[in-house]
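Please read the structure below before turning to the comments.
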Amino acid sequence: MMNIKHLDHLVLTVKEMEKSLWFYGEVLSMEIVTFGEGRKAAIFGNQKINFHQRHKEIKPHAKSPTPGSADLCFLTSSETTEVMAKLAEKGVEIELGPVKRTGATGPIESVYLRDPDGNLIEISTVL
């Protein structure tokens, strides 16, 4: 039996590294780190997002790495109103929300936005 516990990391292919680092660091308040031979990642909780520059992907990689093809949901311990205020402060448009949804462990309240590559980002509070 394979007892999968949680996601360790995922990889996003990005068009403009600096814009993505700003978004995940400044807007989503993740810790931006450099590792390996100058690679970049955003750390949150006990997980991370590795960033690959488009056309310079690290091997092995997805069969068709494409900026803007991800749909990610992040849980926050902040209230939805706080999330919305931070997004407004950073000039990030909310595409939808707040709306009630069902997360992996139960009901959540979500707001949807886009990162610089057009990935759909859902930020959710557990209800």
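Within each chain, counting starts at residue 1; across the structure tokens, chains are named A, B, ... in the order shown, with ligands numbered 1 upward in that order.
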Practice prompt. Skip region 3-7 of chain A itself and residues of its chain fewer than 6 positions away, then list as a PyMOL selection string all residues within 9 Å of it, counting only C-alpha atoms.
Written response: chain A and resi 46-48
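Pairwise distance (CA of Glu95 (chain A), CA of Ile108 (chain A)) equals 17.0 Å.
Nearest residue to Asp117 (chain A), choosing from A:Val92, A:Ala85, A:Ala70, A:Val33 and counting only C-alpha atoms: A:Ala70.
Nearest to Gly45 (chain A) of all the residues A:Thr81, A:Ser20, A:Thr105, A:Ser29 is A:Ser29, based on only C-alpha atoms.
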